[in-house]
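For reference, the structure is listed below as structure tokens.
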Amino acid sequence: MNKVAIAFSTCDRVELTKRSIEPLLQPNNFDLFWIDGSKSEEGRGLAMSYPNVDFSLNVRGGSGAAIVFALSQMLNHSKKYNYVGLVENDVLLGDNWFHPTMELFSHGWGAGFKKVGSVSARCYEDRILTQCDGWAVVHNTGAGMIIFDREAAELVLNYYRTQWTLENRAIFAVLAGTDIGRYWAFRGGEHMLVADWRWDALLASRGLASLALTPSPVEMIGQVPPLAEQGLKIVTDPKQIPAEREIFERYRDNLNAIRSGDLKMPDYRFCQNYIFPHQIPLIGGSYRGDWHLKDAQGFGPFAWQAGLHPCTMEVPVFGPCDFLISGGPGGSRVRIEDDYTGFSCDPDLMPEGTGNVLELTIPPAMAHRTIRMTALAPGMTFYGLKVAYSQPEHPKVKFDHSVLPPV
């Protein structure tokens, strides 16, 4: 019985899929789950034409929802896979990619890491912390091609969110002693990153290394714009990348200290003072009514949007907070009520566009009180809370695809 599962993510672009699926047809090495969000009959039909594939069709809600669906499906499977991976259909793997990639787990152990959390056959030059012999220690792997061990996958899923560039830079500055802002694609920019930029930084904060093959047996296909215009380059000649021993040793020793309990990094559960909609249950909140999922890739990456029927959300909050809300595509209304202070308002919300997400400030209270939000018209969209103080958490509450509302 296979102990490795890989999810192949597609959304139309059938000609690309026909090429990129071929290196993944290895039923003797791993179980393949096909996660498809295609809208065309041709796209949906393609997955059903391959044997030995567990396919799921009509997976909607954007790339983040597809990733969460895939990880939830593999981790909750009765086979209890030891390793779970993700591959997107614009990644064309070489013929001999699987065993060298999986061997990275043992290469890391052999180099002194107590635990390797993720590995990849793909490696971009600007994602490397330091080069080793035939592989690199990386600060970002990406959702396009990654294989996690089970502990790492569970951590990535449960802590799923977007984060600021500064969080990545800070984590690797502390653990590796280098500022990745000197050379990564974003340089010194301060902005929100999509969720897969968080994964390796999160794993590192738990003592888990991320490794990738160099040179990379990978071709990126169907790129618009081309990789060069995106400022990206796949590693083809690792000799051009320095092997910085000091960085390697500091990073390895710090990750091992985390694993042994001699060093503890911050929890990083929430994005500074933001609590995103899918994290509301973590602080004791709940939703009721006809909520729908809205893709918010660069912030969250999930938003909750009100449907035709009544929608409410109740959340306990200590201190002042801001509700981040919009009127959706056509404008809407919302009511916010704080029974403890007596505060209540029901503003009209402008149609969503540039700058039309409202930060609605709720007056402070020296109390841990419940605040209620009610959508008074369809389309009201909730992007999260901004809080002034750390909030009490419910550590037994876990996040997976079942938390997300329907699209």
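A note on labels: chains of the structure tokens are A, B, ... as shown, every chain counts residues from 1, and ligands are counted from 1 in their shown order.
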- Would you mind writing down, as a PyMOL selection string, each residue of region 139-377 of chain A that DSSP on the backbone assigns to strand (DSSP E)? chain A and resi 145-149+163-164+192-193+209-213+218-220+274-275+286-295+302-318+321-326+332-338+343-345+348-349+358-362+368-375
- Task: With a distance cut-off of 8 Å and only C-alpha atoms, select the neighbouring residues of Leu232 (chain A), excluding the residue or stretch itself and same-chain residues fewer than 3 positions from it, and output the selection as a list in words.
- Result: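 Within the cut-off, the hits are Tyr124, Glu125, Asp126, Ala185, Leu227, Ala228 and Glu229 of chain A.
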Polymer residues at most 9 Å from Ser205 (chain A), only C-alpha atoms, same-chain spacing of 5 or more positions, as an mmCIF file with all heavy atoms, in the first residue's frame:
data_model
loop_
_atom_site.group_PDB
_atom_site.id
_atom_site.type_symbol
_atom_site.label_atom_id
_atom_site.label_comp_id
_atom_site.auth_asym_id
_atom_site.auth_seq_id
_atom_site.Cartn_x
_atom_site.Cartn_y
_atom_site.Cartn_z
ATOM 1 N N ILE A 171 11.675 35.820 9.995
ATOM 2 C CA ILE A 171 11.899 34.436 10.418
ATOM 3 C C ILE A 171 13.249 33.936 9.930
ATOM 4 O O ILE A 171 14.034 33.349 10.690
ATOM 5 C CB ILE A 171 10.753 33.531 9.924
ATOM 6 C CG1 ILE A 171 9.472 33.839 10.712
ATOM 7 C CG2 ILE A 171 11.122 32.054 10.054
ATOM 8 C CD1 ILE A 171 8.232 33.168 10.174
ATOM 9 N N PHE A 172 13.573 34.195 8.655
ATOM 10 C CA PHE A 172 14.834 33.682 8.124
ATOM 11 C C PHE A 172 16.030 34.525 8.585
ATOM 12 O O PHE A 172 17.147 34.001 8.689
ATOM 13 C CB PHE A 172 14.758 33.567 6.607
ATOM 14 C CG PHE A 172 13.836 32.472 6.159
ATOM 15 C CD1 PHE A 172 12.600 32.763 5.588
ATOM 16 C CD2 PHE A 172 14.176 31.146 6.357
ATOM 17 C CE1 PHE A 172 11.740 31.752 5.202
ATOM 18 C CE2 PHE A 172 13.323 30.125 5.981
ATOM 19 C CZ PHE A 172 12.092 30.425 5.408
ATOM 20 N N LEU A 175 16.693 32.867 11.997
ATOM 21 C CA LEU A 175 17.142 31.473 11.988
ATOM 22 C C LEU A 175 18.372 31.235 11.120
ATOM 23 O O LEU A 175 19.209 30.389 11.440
ATOM 24 C CB LEU A 175 15.997 30.566 11.521
ATOM 25 C CG LEU A 175 14.767 30.538 12.435
ATOM 26 C CD1 LEU A 175 13.684 29.672 11.828
ATOM 27 C CD2 LEU A 175 15.136 30.045 13.825
ATOM 28 N N ASP A 200 7.015 27.603 4.062
ATOM 29 C CA ASP A 200 8.371 27.234 4.472
ATOM 30 C C ASP A 200 8.831 28.036 5.682
ATOM 31 O O ASP A 200 9.583 27.521 6.523
ATOM 32 C CB ASP A 200 9.329 27.405 3.298
ATOM 33 C CG ASP A 200 8.859 26.632 2.081
ATOM 34 O OD1 ASP A 200 9.146 25.437 1.989
ATOM 35 O OD2 ASP A 200 8.167 27.236 1.230
ATOM 36 N N LEU A 255 17.257 25.270 13.713
ATOM 37 C CA LEU A 255 16.111 24.377 13.508
ATOM 38 C C LEU A 255 16.188 23.175 14.448
ATOM 39 O O LEU A 255 15.173 22.749 15.010
ATOM 40 C CB LEU A 255 16.028 23.923 12.043
ATOM 41 C CG LEU A 255 15.095 24.749 11.147
ATOM 42 C CD1 LEU A 255 15.499 26.216 11.123
ATOM 43 C CD2 LEU A 255 15.043 24.185 9.734
ATOM 44 N N ILE A 258 15.113 24.172 17.880
ATOM 45 C CA ILE A 258 13.648 24.227 17.983
ATOM 46 C C ILE A 258 13.089 22.827 18.216
ATOM 47 O O ILE A 258 12.230 22.615 19.078
ATOM 48 C CB ILE A 258 13.048 24.862 16.718
ATOM 49 C CG1 ILE A 258 13.426 26.347 16.628
ATOM 50 C CG2 ILE A 258 11.521 24.700 16.706
ATOM 51 C CD1 ILE A 258 13.064 26.997 15.312
ATOM 52 N N LYS A 264 12.434 28.561 20.963
ATOM 53 C CA LYS A 264 11.009 28.635 20.631
ATOM 54 C C LYS A 264 10.740 29.921 19.881
ATOM 55 O O LYS A 264 11.025 31.009 20.377
ATOM 56 C CB LYS A 264 10.148 28.570 21.895
ATOM 57 C CG LYS A 264 8.648 28.626 21.639
ATOM 58 C CD LYS A 264 7.874 28.455 22.923
ATOM 59 C CE LYS A 264 6.385 28.708 22.738
ATOM 60 N NZ LYS A 264 5.769 27.862 21.715
ATOM 61 N N MET A 265 10.191 29.796 18.678
ATOM 62 C CA MET A 265 9.796 30.954 17.888
ATOM 63 C C MET A 265 8.359 31.345 18.224
ATOM 64 O O MET A 265 7.608 30.547 18.801
ATOM 65 C CB MET A 265 9.917 30.627 16.400
ATOM 66 C CG MET A 265 11.341 30.377 15.928
ATOM 67 S SD MET A 265 12.345 31.874 15.907
ATOM 68 C CE MET A 265 11.734 32.652 14.390
ATOM 69 N N PRO A 266 7.939 32.578 17.896
ATOM 70 C CA PRO A 266 6.537 32.963 18.118
ATOM 71 C C PRO A 266 5.576 32.010 17.413
ATOM 72 O O PRO A 266 5.950 31.291 16.480
ATOM 73 C CB PRO A 266 6.474 34.364 17.515
ATOM 74 C CG PRO A 266 7.871 34.878 17.578
ATOM 75 C CD PRO A 266 8.748 33.682 17.359
ATOM 76 N N ASP A 267 4.322 32.016 17.854
ATOM 77 C CA ASP A 267 3.337 31.054 17.342
ATOM 78 C C ASP A 267 2.955 31.320 15.887
ATOM 79 O O ASP A 267 2.731 30.396 15.118
ATOM 80 C CB ASP A 267 2.078 31.086 18.205
ATOM 81 C CG ASP A 267 1.055 30.069 17.760
ATOM 82 O OD1 ASP A 267 1.337 28.870 17.862
ATOM 83 O OD2 ASP A 267 -0.021 30.469 17.281
ATOM 84 N N TYR A 268 2.836 32.586 15.487
ATOM 85 C CA TYR A 268 2.497 32.968 14.110
ATOM 86 C C TYR A 268 1.140 32.423 13.657
ATOM 87 O O TYR A 268 0.925 32.176 12.479
ATOM 88 C CB TYR A 268 3.578 32.498 13.118
ATOM 89 C CG TYR A 268 4.929 33.125 13.338
ATOM 90 C CD1 TYR A 268 6.012 32.354 13.752
ATOM 91 C CD2 TYR A 268 5.135 34.486 13.156
ATOM 92 C CE1 TYR A 268 7.265 32.929 13.965
ATOM 93 C CE2 TYR A 268 6.380 35.067 13.366
ATOM 94 C CZ TYR A 268 7.443 34.280 13.770
ATOM 95 O OH TYR A 268 8.660 34.852 13.976
#
- Query: When DSSP works through the backbone of this structure, what residues of region 71-281 of chain A end up as helix (DSSP H, G or I), shown as a VMD selection string?
  - Reply: chain A and resid 71 to 75 98 to 110 125 to 127 150 to 158 165 to 176 180 to 182 195 to 197 199 to 205 227 to 230 238 to 240 245 to 260 277 to 281
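Closest to Val137 (chain A) among A:Ser390, A:Ser120, A:Ser40, A:Asn256 is A:Ser120, based on only C-alpha atoms.
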- 10 Å contact set for Ala153 (chain A), only C-alpha atoms, chain neighbours under 6 positions out, as a list in words: Leu71, Ser72, Met74, Leu75, Asn82, Tyr83, Val84, Gly85, Gly117, Ser118, Ile147, Tyr159, Trp199 and Leu203 of chain A
Writer output for current selection, N, CA and C atoms, as a compact mmCIF listing (two decimals), in the first residue's frame:
# COMPACT_ATOMS: atom_id res chain seq x y z
N LEU A 71 -5.33 19.05 0.48
CA LEU A 71 -4.66 18.65 1.71
C LEU A 71 -5.63 17.97 2.67
N SER A 72 -6.85 18.51 2.77
CA SER A 72 -7.86 17.90 3.65
C SER A 72 -8.19 16.49 3.20
N MET A 74 -6.39 14.34 1.39
CA MET A 74 -5.30 13.37 1.57
C MET A 74 -5.02 13.09 3.04
N LEU A 75 -5.03 14.14 3.87
CA LEU A 75 -4.74 13.94 5.29
C LEU A 75 -5.85 13.20 6.03
N ASN A 82 1.91 8.92 4.87
CA ASN A 82 3.06 9.52 5.56
C ASN A 82 3.52 10.81 4.89
N TYR A 83 3.28 10.89 3.57
CA TYR A 83 3.70 12.05 2.79
C TYR A 83 2.56 12.44 1.85
N VAL A 84 2.33 13.74 1.72
CA VAL A 84 1.32 14.23 0.78
C VAL A 84 1.91 15.39 -0.02
N GLY A 85 1.59 15.43 -1.31
CA GLY A 85 2.18 16.43 -2.18
C GLY A 85 1.18 17.16 -3.04
N GLY A 117 10.76 18.93 6.54
CA GLY A 117 9.31 19.02 6.44
C GLY A 117 8.77 18.97 5.04
N SER A 118 9.53 19.52 4.06
CA SER A 118 9.04 19.54 2.69
C SER A 118 10.20 19.44 1.71
N ILE A 147 6.21 18.32 -1.75
CA ILE A 147 5.80 17.12 -1.01
C ILE A 147 6.13 17.36 0.46
N TYR A 159 -2.68 26.04 9.94
CA TYR A 159 -2.24 27.43 10.08
C TYR A 159 -2.37 28.20 8.76
N TRP A 199 4.40 28.93 3.83
CA TRP A 199 4.59 27.56 4.28
C TRP A 199 5.98 27.28 4.83
N LEU A 203 7.13 26.32 8.59
CA LEU A 203 7.80 25.07 8.91
C LEU A 203 9.13 25.33 9.61
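The residue that comes closest to Leu213 (chain A), out of A:Gln163, A:Asn168, A:Asn96, A:Asn254 and on the basis of only C-alpha atoms, is A:Asn96.
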- Query: Can you list, as a PyMOL selection string, every protein, DNA or RNA residue that comes within 7 Å of Asp54 (chain A) when you count only C-alpha atoms, leaving out same-chain residues fewer than 3 positions away?
  - Reply: chain A and resi 32-34
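Using only C-alpha atoms, the residues found no farther than 7 Å from region 344-353 of chain A, other than those of its own chain fewer than 2 positions away, are Ser326, Gly327, Gly328, Pro329, Gly330, Gly331, Ser332, Arg333, Val334, Arg335, Ile336, Glu337, Asp338, Gly342, Gly355, Asn356 and Val357 of chain A.
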- Task: Mind checking which residues fall within 9 Å of Leu157 (chain A), counting only C-alpha atoms, ignoring those fewer than 4 positions away in the same chain, and posting them as a PyMOL selection string?
- Result: chain A and resi 67-68+71-72+152-153+161+398-400
Output the selection as an mmCIF file, in the first residue's frame - all heavy atoms for each residue.
data_model
loop_
_atom_site.group_PDB
_atom_site.id
_atom_site.type_symbol
_atom_site.label_atom_id
_atom_site.label_comp_id
_atom_site.auth_asym_id
_atom_site.auth_seq_id
_atom_site.Cartn_x
_atom_site.Cartn_y
_atom_site.Cartn_z
ATOM 1 N N ILE A 67 -6.257 24.033 -2.852
ATOM 2 C CA ILE A 67 -5.159 23.505 -2.041
ATOM 3 C C ILE A 67 -5.686 22.955 -0.722
ATOM 4 O O ILE A 67 -5.316 21.850 -0.297
ATOM 5 C CB ILE A 67 -4.109 24.598 -1.793
ATOM 6 C CG1 ILE A 67 -3.363 24.926 -3.096
ATOM 7 C CG2 ILE A 67 -3.120 24.180 -0.714
ATOM 8 C CD1 ILE A 67 -2.528 26.187 -3.028
ATOM 9 N N VAL A 68 -6.555 23.720 -0.071
ATOM 10 C CA VAL A 68 -7.118 23.272 1.205
ATOM 11 C C VAL A 68 -7.940 22.001 1.008
ATOM 12 O O VAL A 68 -7.889 21.071 1.830
ATOM 13 C CB VAL A 68 -7.958 24.398 1.834
ATOM 14 C CG1 VAL A 68 -8.796 23.885 2.999
ATOM 15 C CG2 VAL A 68 -7.051 25.527 2.301
ATOM 16 N N LEU A 71 -5.325 19.050 0.476
ATOM 17 C CA LEU A 71 -4.661 18.652 1.714
ATOM 18 C C LEU A 71 -5.634 17.974 2.673
ATOM 19 O O LEU A 71 -5.299 16.958 3.308
ATOM 20 C CB LEU A 71 -4.020 19.865 2.380
ATOM 21 C CG LEU A 71 -2.808 20.476 1.673
ATOM 22 C CD1 LEU A 71 -2.349 21.744 2.389
ATOM 23 C CD2 LEU A 71 -1.661 19.475 1.575
ATOM 24 N N SER A 72 -6.853 18.506 2.773
ATOM 25 C CA SER A 72 -7.857 17.901 3.654
ATOM 26 C C SER A 72 -8.191 16.490 3.199
ATOM 27 O O SER A 72 -8.297 15.564 4.022
ATOM 28 C CB SER A 72 -9.132 18.761 3.675
ATOM 29 O OG SER A 72 -8.876 20.063 4.135
ATOM 30 N N ALA A 152 4.310 18.206 8.673
ATOM 31 C CA ALA A 152 4.383 19.502 7.996
ATOM 32 C C ALA A 152 3.070 19.834 7.301
ATOM 33 O O ALA A 152 2.596 20.975 7.345
ATOM 34 C CB ALA A 152 5.530 19.495 6.992
ATOM 35 N N ALA A 153 2.463 18.845 6.633
ATOM 36 C CA ALA A 153 1.200 19.083 5.925
ATOM 37 C C ALA A 153 0.095 19.481 6.884
ATOM 38 O O ALA A 153 -0.708 20.388 6.600
ATOM 39 C CB ALA A 153 0.804 17.836 5.138
ATOM 40 N N ARG A 161 -2.944 30.626 5.955
ATOM 41 C CA ARG A 161 -3.299 32.043 5.803
ATOM 42 C C ARG A 161 -2.252 32.719 4.930
ATOM 43 O O ARG A 161 -1.203 32.160 4.626
ATOM 44 C CB ARG A 161 -3.381 32.759 7.158
ATOM 45 C CG ARG A 161 -2.057 32.852 7.921
ATOM 46 C CD ARG A 161 -2.172 33.858 9.051
ATOM 47 N NE ARG A 161 -1.027 33.886 9.948
ATOM 48 C CZ ARG A 161 0.085 34.575 9.754
ATOM 49 N NH1 ARG A 161 0.244 35.283 8.625
ATOM 50 N NH2 ARG A 161 1.059 34.574 10.650
ATOM 51 N N LYS A 398 -9.629 23.082 14.778
ATOM 52 C CA LYS A 398 -8.753 22.862 13.633
ATOM 53 C C LYS A 398 -9.389 23.418 12.358
ATOM 54 O O LYS A 398 -10.615 23.513 12.255
ATOM 55 C CB LYS A 398 -8.472 21.368 13.445
ATOM 56 C CG LYS A 398 -7.890 20.676 14.670
ATOM 57 C CD LYS A 398 -6.532 21.239 15.037
ATOM 58 C CE LYS A 398 -5.927 20.495 16.217
ATOM 59 N NZ LYS A 398 -4.628 21.089 16.641
ATOM 60 N N PHE A 399 -8.523 23.768 11.415
ATOM 61 C CA PHE A 399 -9.007 24.261 10.126
ATOM 62 C C PHE A 399 -8.764 23.224 9.041
ATOM 63 O O PHE A 399 -7.673 22.670 8.936
ATOM 64 C CB PHE A 399 -8.304 25.561 9.737
ATOM 65 C CG PHE A 399 -8.632 26.009 8.331
ATOM 66 C CD1 PHE A 399 -9.887 26.511 8.029
ATOM 67 C CD2 PHE A 399 -7.700 25.889 7.305
ATOM 68 C CE1 PHE A 399 -10.214 26.898 6.734
ATOM 69 C CE2 PHE A 399 -8.004 26.277 6.010
ATOM 70 C CZ PHE A 399 -9.267 26.790 5.725
ATOM 71 N N ASP A 400 -9.803 22.956 8.248
ATOM 72 C CA ASP A 400 -9.651 22.214 7.003
ATOM 73 C C ASP A 400 -10.771 22.657 6.068
ATOM 74 O O ASP A 400 -11.469 23.654 6.341
ATOM 75 C CB ASP A 400 -9.620 20.690 7.216
ATOM 76 C CG ASP A 400 -10.939 20.124 7.738
ATOM 77 O OD1 ASP A 400 -11.967 20.853 7.773
ATOM 78 O OD2 ASP A 400 -10.945 18.938 8.115
#
- Item | Nearest candidate to Tyr389 (chain A) (options A:Ile325, A:Ile275, A:Leu24, A:Leu93; using only C-alpha atoms) | A:Ile275
- Item | Proximity to Met373 (chain A) - best of A:Met145, A:Val59, A:Leu360, A:Leu92, only C-alpha atoms | A:Leu360
